[in-house]
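Chemist: Encoded as structure tokens, here's the structure I'll be asking about.
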Amino acid sequence: MSVAENTSDNAARPVGIGAYLAVHLREYGLLFALIAVMAFFQIVTGGTLLKPINLTNLLLQNSYIIIMALGMLIVIVAGHIDLSVGSVMGFIGALAAVMVVNLDMPIWLTMIVCVVMGGLIGAAQGYWVAYWGIPSFIVTLAGMLVFRGLSLWLLEGQSVGPFPREFQVIATGFVPDILPGGETMKSIFGTRNFNVLAFGCGLIAAGWVIWSGIRKRAQNKAYGIEDEPRAFFLVRIGIIALVLIFILYKLSTFRGLPNVLLTMGVLTIVYAFITERTVLGRRIYALGGNQKAAKLSGIKTERLTFLAFVNMGMLAAVAGLVFAARLNTATPKAGFALELDVIAAVFIGGASMSGGVGKIVGAVVGAFLMGVLNNGMSIMGIGIDYQQIIKGLVLLAAVIFDVYNKQKG
């Protein structure tokens, strides 16, 4: 038998669940942690955590964190960091309030101007990082102070609001149920309200997870790539599909799909595709893994870094619009310290401090984990002081775990 055949046989040889989890602990540990935390708070809160109204609030409360975490992951994977996102988010909300409330400008024009402004802010910061070599920590720290001050100046130290209803629906609106069969579903599930569209989306999402998982597993087998044990694969796919159906069922018994959930879902799918399936995504990981090697291989590292910050600025602008719409007002202190929650979500989600490592799904799960911790502790009546301590310890544990894995490897 040749060496190549022997290697191929070893790669395709099935491994035990314990051995597989030991190698992929970073990938699956966070998902198991989220499920465990949700189960814990569901028990100690007497079932309040997973009530439809609380699940909806959980999505609304963490929407802007998740949106910014998508951009922050790319920045961190590229080997940088952005401390200004909270202040930029607050500044964009202030700009939107001045344009819509004070100047009575059209909402569609306001949204376009705000997103473009976010991109220009990201470009201004990315220019100094990419082309002048100034550390991103310093540039974005300066940006954090600048845009916090600009928010105060723009609002003249006062809160501006309320927004018209057409603007509020960005964050607090729900997708209307356009599918028939609501009365039938009400009788089946014994509920007064039932959104067929939301439940149908849950079934479609679960089916897509199962189909894509089976397809990927078949591709790995065809190429002789070592894959997860069959039993573990079935359990994992089954749990994810059931969780999706359960959550969408809960939402369907309340008011259905929040508009912001669609925004988060589309952005998550788009960014997951870019980072995992495109040449651009592979270049971003190469940049964070070894910038000198990436540059020698022909990657335009300066332009890639610049675009990462432009992207971050635009997503911070989108988050600013969502945040302002949800609060129905713009305040000078909006976004204060939110950059810490965003960065924590990305690191807890498995991103490495040194760059080159991290996944979009991990950042989203990390943001939800932080959100569930906040929500669950608030329901239990735990003070904000203890909440901050616990969140800090969770972040520290995630970083220690990252360092331990590197040393072990």
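To be explicit about the labels: the chains of the structure tokens are called A, B, and onward in the order shown, and within each one the residues are counted from 1, while ligands get numbers from 1 in the order they are shown.
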What residues in segment 132-367 of chain A get the DSSP label alpha helix (DSSP H)? Please answer as a VMD selection string.
Modeler: chain A and resid 132 136 to 155 165 to 172 182 to 189 196 to 222 230 to 252 259 to 277 279 to 289 291 to 296 301 to 327 338 to 348 360 to 367
Chemist: Record the distance separating atom CA of Arg230 of chain A and atom CA of Val243 of chain A, expressed in Å with one decimal.
Modeler: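 It comes out at 20.0 Å.
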Chemist: Tell me, as a PyMOL selection string, which residues lie within 9 Å of Asn375 of chain A, counting only C-alpha atoms; anything in the same chain fewer than 4 positions away does not count.
Modeler: chain A and resi 49+54+58+370-371+379-380
Chemist: Using only C-alpha atoms, can you tell me which of A:Leu234, A:Val365, A:Ala334, A:Met38 comes closest to Gly149 of chain A?
Modeler: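 Among A:Leu234, A:Val365, A:Ala334, A:Met38, it is A:Ala334 that comes nearest to Gly149 of chain A.
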Chemist: Env of segment 276-278 of chain A: 12 Å cut, atoms = only C-alpha atoms, seq-sep filter 6 positions within chain, self excluded. Answer as a VMD selection string.
Modeler: chain A and resid 74 268 to 270 284 to 285 357 to 361
Chemist: Of the candidates A:Ile107, A:Ile112, A:Leu50, A:Met117, which one gets nearest to Asn311 of chain A if we count only C-alpha atoms?
Modeler: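 Result for the nearest residue to Asn311 of chain A: A:Met117.
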Chemist: Work out how far apart atom CA of Tyr271 of chain A and atom CA of Ser87 of chain A are and give it in Å to one decimal.
Modeler: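 The value is 23.2 Å.
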Chemist: For a quick check of understanding, using only C-alpha atoms, which of A:Asn102, A:Gln219, A:Gln125, A:Ser84 has the smallest distance to Phe147 of chain A?
Modeler: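 For Phe147 of chain A, the nearest of the candidates is A:Ser84.
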